[in-house]
Every structure is written in structure tokens, then in C-alpha cells.
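Shown next: target-v3.txt, given as compact mmCIF, C-alpha atoms.
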```txt
# COMPACT_ATOMS: atom_id res chain seq x y z
CA MET Y 1 -14.58 5.28 -13.52
CA ILE Y 2 -12.82 2.46 -11.72
CA TYR Y 3 -13.10 2.31 -7.93
CA HIS Y 4 -10.77 0.29 -5.75
CA ARG Y 5 -11.58 -0.71 -2.17
CA TYR Y 6 -9.94 -2.77 0.52
CA PRO Y 7 -11.77 -6.10 0.90
CA ALA Y 8 -13.79 -6.62 4.07
CA ARG Y 9 -12.00 -9.95 4.67
CA SER Y 10 -8.58 -8.36 5.14
CA LEU Y 11 -9.99 -5.39 7.06
CA MET Y 12 -11.77 -7.75 9.46
CA TRP Y 13 -8.43 -9.21 10.54
CA ASP Y 14 -6.96 -5.71 10.92
CA TYR Y 15 -9.90 -4.76 13.15
CA CYS Y 16 -9.35 -7.94 15.19
CA ARG Y 17 -5.63 -7.19 15.61
CA ALA Y 18 -6.33 -3.60 16.64
CA GLY Y 19 -9.03 -4.67 19.11
CA ALA Y 20 -6.94 -7.48 20.60
CA GLY Y 21 -3.94 -5.17 20.98
CA LEU Y 22 -6.05 -2.51 22.67
CA LEU Y 23 -7.60 -5.10 24.96
CA ILE Y 24 -4.28 -6.68 25.95
CA ALA Y 25 -2.44 -3.37 26.42
CA GLY Y 26 -5.39 -1.48 27.89
CA THR Y 27 -6.55 -4.03 30.47
CA PRO Y 28 -3.64 -3.50 32.90
CA LEU Y 29 -4.16 0.28 32.66
CA ILE Y 30 -7.87 0.03 33.43
CA MET Y 31 -7.69 -2.70 36.09
CA GLY Y 32 -5.14 -1.12 38.37
CA SER Y 33 -2.25 1.26 38.79
CA PRO Y 34 0.74 -0.51 37.23
CA GLY Y 35 3.27 2.20 38.10
CA PHE Y 36 4.91 4.82 35.94
CA PHE Y 37 7.11 2.54 33.79
CA PHE Y 38 4.38 0.00 32.99
CA THR Y 39 1.80 2.76 32.46
CA LEU Y 40 4.15 4.32 29.92
CA LEU Y 41 4.87 0.96 28.29
CA PHE Y 42 1.25 -0.26 28.08
CA GLY Y 43 0.00 3.23 27.21
CA THR Y 44 2.40 3.45 24.27
CA VAL Y 45 1.43 -0.01 23.02
CA ALA Y 46 -2.28 0.81 23.42
CA ALA Y 47 -1.79 4.08 21.49
CA LEU Y 48 -0.07 2.21 18.64
CA PHE Y 49 -2.97 -0.23 18.36
CA PHE Y 50 -5.46 2.64 18.58
CA PHE Y 51 -3.83 4.41 15.62
CA TYR Y 52 -3.65 1.10 13.75
CA GLY Y 53 -7.41 0.83 14.28
CA LEU Y 54 -7.92 4.38 12.97
CA ARG Y 55 -5.88 3.52 9.88
CA THR Y 56 -8.09 0.48 9.34
CA VAL Y 57 -11.25 2.60 9.67
CA ASN Y 58 -9.80 5.03 7.11
CA GLN Y 59 -9.11 2.16 4.69
CA HIS Y 60 -12.61 0.75 5.27
CA MET Y 61 -14.29 4.08 4.49
CA SER Y 62 -12.06 4.94 1.51
CA ALA Y 63 -12.36 4.15 -2.18
CA LEU Y 64 -9.68 5.02 -4.71
CA GLU Y 65 -10.88 6.22 -8.10
CA LEU Y 66 -8.44 5.68 -10.94
CA ARG Y 67 -8.85 8.48 -13.47
CA GLU Y 68 -7.09 9.61 -16.65
CA ASP Y 69 -5.65 12.66 -14.89
CA GLY Y 70 -4.80 11.05 -11.56
CA ILE Y 71 -6.11 9.12 -8.61
CA MET Y 72 -8.79 10.34 -6.21
CA ASN Y 73 -9.14 9.11 -2.64
CA HIS Y 74 -12.80 9.22 -1.64
CA GLY Y 75 -13.08 8.86 2.12
CA PRO Y 76 -12.44 10.64 5.40
CA ARG Y 77 -9.25 12.18 4.01
CA LYS Y 78 -10.51 13.09 0.53
CA LYS Y 79 -7.63 13.97 -1.74
CA PHE Y 80 -6.85 14.19 -5.46
CA PHE Y 81 -3.38 13.19 -6.63
CA GLY Y 82 -2.67 14.29 -10.23
CA TRP Y 83 -0.38 12.26 -12.48
CA ASP Y 84 1.33 15.47 -13.64
CA ASP Y 85 2.33 16.22 -10.04
CA LEU Y 86 3.89 12.79 -9.49
CA SER Y 87 7.55 13.20 -8.55
CA GLU Y 88 8.39 10.00 -6.65
CA VAL Y 89 7.22 6.39 -6.83
CA ARG Y 90 8.26 3.68 -4.41
CA LEU Y 91 7.16 0.07 -4.44
CA ARG Y 92 8.12 -1.97 -1.39
CA TYR Y 93 7.67 -5.67 -0.75
CA TYR Y 94 7.19 -6.97 2.78
CA SER Y 95 7.65 -10.70 3.16
CA THR Y 96 5.85 -12.83 5.72
CA THR Y 97 8.35 -15.68 5.22
CA ARG Y 98 12.07 -15.94 5.74
CA ASP Y 99 12.69 -16.71 2.07
CA LYS Y 100 13.83 -13.32 0.72
CA ASN Y 101 13.91 -14.54 -2.88
CA ARG Y 102 10.21 -15.33 -2.92
CA ARG Y 103 8.25 -12.39 -4.38
CA SER Y 104 4.75 -13.82 -4.39
CA LEU Y 105 1.92 -11.80 -2.87
CA ASP Y 106 0.86 -15.08 -1.26
CA SER Y 107 3.87 -14.79 1.04
CA GLY Y 108 3.81 -11.05 1.68
CA TRP Y 109 2.38 -7.76 0.50
CA MET Y 110 3.45 -4.70 -1.44
CA GLU Y 111 3.03 -1.03 -0.65
CA LEU Y 112 2.96 1.58 -3.40
CA LYS Y 113 3.88 5.12 -2.34
CA LEU Y 114 3.16 8.02 -4.65
CA ALA Y 115 4.61 11.41 -3.73
CA GLY Y 116 4.39 14.92 -5.09
CA PRO Y 117 3.83 18.54 -4.03
CA ALA Y 118 0.32 17.69 -2.74
CA GLY Y 119 1.72 15.12 -0.32
CA GLN Y 120 1.83 11.37 -0.55
CA LEU Y 121 -0.51 8.46 -1.04
CA ARG Y 122 0.18 4.92 0.17
CA ILE Y 123 -1.66 1.97 -1.34
CA ASP Y 124 -1.37 -1.61 -0.02
CA SER Y 125 -1.56 -4.56 -2.37
CA GLU Y 126 -4.64 -5.78 -0.45
CA ILE Y 127 -6.75 -3.24 -2.36
CA SER Y 128 -8.94 -4.61 -5.15
CA ASP Y 129 -7.25 -4.75 -8.56
CA PHE Y 130 -3.87 -3.60 -7.26
CA ASP Y 131 -2.35 -4.72 -10.56
CA THR Y 132 -4.54 -2.23 -12.46
CA ILE Y 133 -3.22 0.59 -10.27
CA LEU Y 134 0.37 -0.59 -10.84
CA ASP Y 135 -0.28 -0.73 -14.60
CA ALA Y 136 -1.47 2.90 -14.57
CA VAL Y 137 1.47 4.06 -12.44
CA SER Y 138 3.88 2.10 -14.65
CA GLY Y 139 2.56 3.92 -17.71
CA ILE Y 140 2.98 7.30 -16.00
CA ILE Y 141 6.54 6.40 -14.97
CA GLU Y 142 7.43 5.56 -18.57
CA ARG Y 143 5.62 8.57 -20.06
CA ARG Y 144 7.16 11.09 -17.64
CA ASN Y 145 10.55 9.35 -17.28
CA ILE Y 146 10.37 9.28 -13.50
CA GLU Y 147 13.52 7.85 -12.01
CA LEU Y 148 13.08 4.90 -9.65
CA ASP Y 149 15.35 3.68 -6.89
CA GLU Y 150 16.87 0.21 -7.30
CA THR Y 151 14.51 -1.51 -4.85
CA THR Y 152 11.43 -0.10 -6.58
CA GLU Y 153 12.74 -1.20 -9.99
CA GLN Y 154 13.41 -4.72 -8.72
CA ASN Y 155 9.96 -4.91 -7.14
CA PHE Y 156 8.24 -3.80 -10.36
CA LYS Y 157 10.20 -6.42 -12.30
CA ALA Y 158 9.36 -9.11 -9.75
CA PHE Y 159 5.67 -8.17 -9.81
CA TYR Y 160 5.57 -8.38 -13.59
CA GLY Y 161 7.53 -11.64 -13.62
CA LYS Y 162 10.82 -10.24 -14.90
CA GLU Y 163 13.55 -11.16 -12.41
CA ASP Y 164 16.44 -10.27 -14.76
CA ALA Y 165 17.71 -6.71 -14.56
CA ASP Y 166 18.26 -6.33 -18.32
CA GLY Y 167 14.84 -7.34 -19.72
CA GLY Y 168 12.03 -5.07 -20.76
CA SER Y 169 11.64 -1.40 -21.42
CA GLY Y 170 10.39 -0.21 -18.05
CA PRO Y 171 8.60 -1.13 -14.85
CA GLY Y 172 5.64 -2.79 -16.58
CA GLY Y 173 7.10 -3.45 -19.99
CA GLY Y 174 7.42 -7.22 -19.86
CA ARG Y 175 4.17 -8.36 -18.30
CA ASP Y 176 2.65 -11.19 -20.28
CA ASP Y 177 -0.69 -12.21 -18.85
CA GLY Y 178 -2.66 -12.17 -22.10
CA ARG Y 179 -4.08 -8.67 -21.54
CA ASN Y 180 -3.24 -5.60 -23.58
CA HIS Y 181 -1.19 -3.15 -21.49
CA PRO Y 182 -0.53 -0.02 -23.55
CA GLY Y 183 1.44 1.59 -20.72
CA GLY Y 184 -1.44 3.74 -19.56
CA MET Y 185 -4.86 3.36 -18.09
CA CYS Y 186 -6.31 -0.15 -18.40
```
Structure rendered as C-alpha cells:
Amino acid sequence: MIYHRYPARSLMWDYCRAGAGLLIAGTPLIMGSPGFFFTLLFGTVAALFFFYGLRTVNQHMSALELREDGIMNHGPRKKFFGWDDLSEVRLRYYSTTRDKNRRSLDSGWMELKLAGPAGQLRIDSEISDFDTILDAVSGIIERRNIELDETTEQNFKAFYGKEDADGGSGPGGGRDDGRNHPGGMC
């Protein structure tokens, strides 16, 4: 069994952002009566930071278990997501720089979305051994011939170091990091 967790270092900053946002947006609401418009404005911003904090707590308490038959989310929202039920895969890259051609996780992060009849599961690249999860999903995509949208295909190729559209056999086919990737569980 392989468990994947979000590192405390990245969660600490998420907790700080959520707390700072709540403090900044909530202070005017608590200290006085800012009027209807500003109450609505600050209340909405405070609610967004509150839900961001809840999302961070969920990530902190969760552990993903990579299994042969699927992926299990152990945490407040316990859920099993079977590989046979996988119908959609999306991999998105979010840059923290203006350089759109740069696809390094040092200058942004990726979000993997798995969808099927049981719902969906979103996994950020901040989780431990994100590449192992992508390797497993890549093998399932190839085995089940799941069709990917163009953005997801480009992001898989960029992650595995294949910028050209013609190279390789699939999302994870051209990765050359010295490890053996049989297209399945690693």
C-alpha cells in the first residue's frame, strides 16, 4: 500500500492565507456596521477564505491510498474511486509566472481531476509522490483507451519531458528518468 499526503509545509501556508483572509475580511464586520454593500462584500470574501480553510483542513486530514483496483481517499470525505469506473481525466497546469511556455512545477502547480459515475477526485501536485499517481493514471489511460482533451495531453507530455506532439505512445510513454515504468502501478 502506498499512501500519499499533502506536506505540512505547503499546508501551513494555506492555513496562513486562510487565516489572514478571514482576519482581514472579518475585522470590519466584527468591529462595526459597515453598511449593506460592504457587509455583503466583506462577508463574501470572508466566506471564500473560510471555505478555503475547510479545504485545507480536508487536505491535512486526508491520505490517498494508491491501489491496484483504484485510489482510496482516507479522510473526512472517505471515498473509493475504482480504475474501472474512470471515464474522464484532466490534468491542468497553473503557472505562477507570466512565462506560459515554462512547465516546471517550480513555477506553478498541476491539478489532476479524475471523474466517473462515483463523482470526481481532484489531486494537487503538492501531494507526496505526485509523479507516482500520474504514472498509475497514465497506465490506466493507455490500458482503457481513455480519450484526453488537448490541454491534458499537452500537460502530460510536458510533465514527462516530451514537448513535441508526435513523440511517444501515450501520456506517460516517453518518460526517461532511469526508473522502470511499465504503464501501470509503480
Residue nearest His74 in chain Y - candidates Y:Asn155, Y:Thr96, Y:Ser87, Y:Asn58, atoms counted: all atoms listed in the file: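 Under the stated criterion, the closest residue is Y:Asn58.
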Contact residues around Leu48 in chain Y with all atoms listed in the file at 9 Å, ignoring same-chain residues under 5 positions, as a ChimeraX atom specification: /Y:18,21-22,43,53
Given only C-alpha atoms as the counted atoms, nearest of Y:Arg77, Y:Lys162, Y:Arg98, Y:Arg92 to Ile123 in chain Y: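 Of Y:Arg77, Y:Lys162, Y:Arg98, Y:Arg92, the one nearest Ile123 in chain Y is Y:Arg92, counting only C-alpha atoms.
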Polymer residues at most 10 Å from (13.0, -4.3, -5.5) by all atoms listed in the file, as JSON, numbers by chain: {"Y": [90, 91, 92, 93, 103, 149, 150, 151, 152, 153, 154, 155, 156, 157, 158, 159, 163]}
Coordinates-based distance that separates CA of Met1 in chain Y from CA of Asp14 in chain Y (Å, one decimal):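 Calculated distance between CA of Asp14 in chain Y and CA of Met1 in chain Y is 27.9 Å.
Minimum atom-to-atom distances from Y:Met31, Y:Ile141, Y:Ala118, Y:Ala8 to Asp85 in chain Y were compared using only C-alpha atoms, and the lowest value belongs to Y:Ala118.
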From Y:Asp69, Y:Leu23, Y:Leu121, Y:Ser10, residue lying nearest Trp109 in chain Y [only C-alpha atoms]: Y:Ser10
Atomic distance CA of Met72 in chain Y - CA of Arg9 in chain Y, expressed in Å with one decimal: 23.2 Å
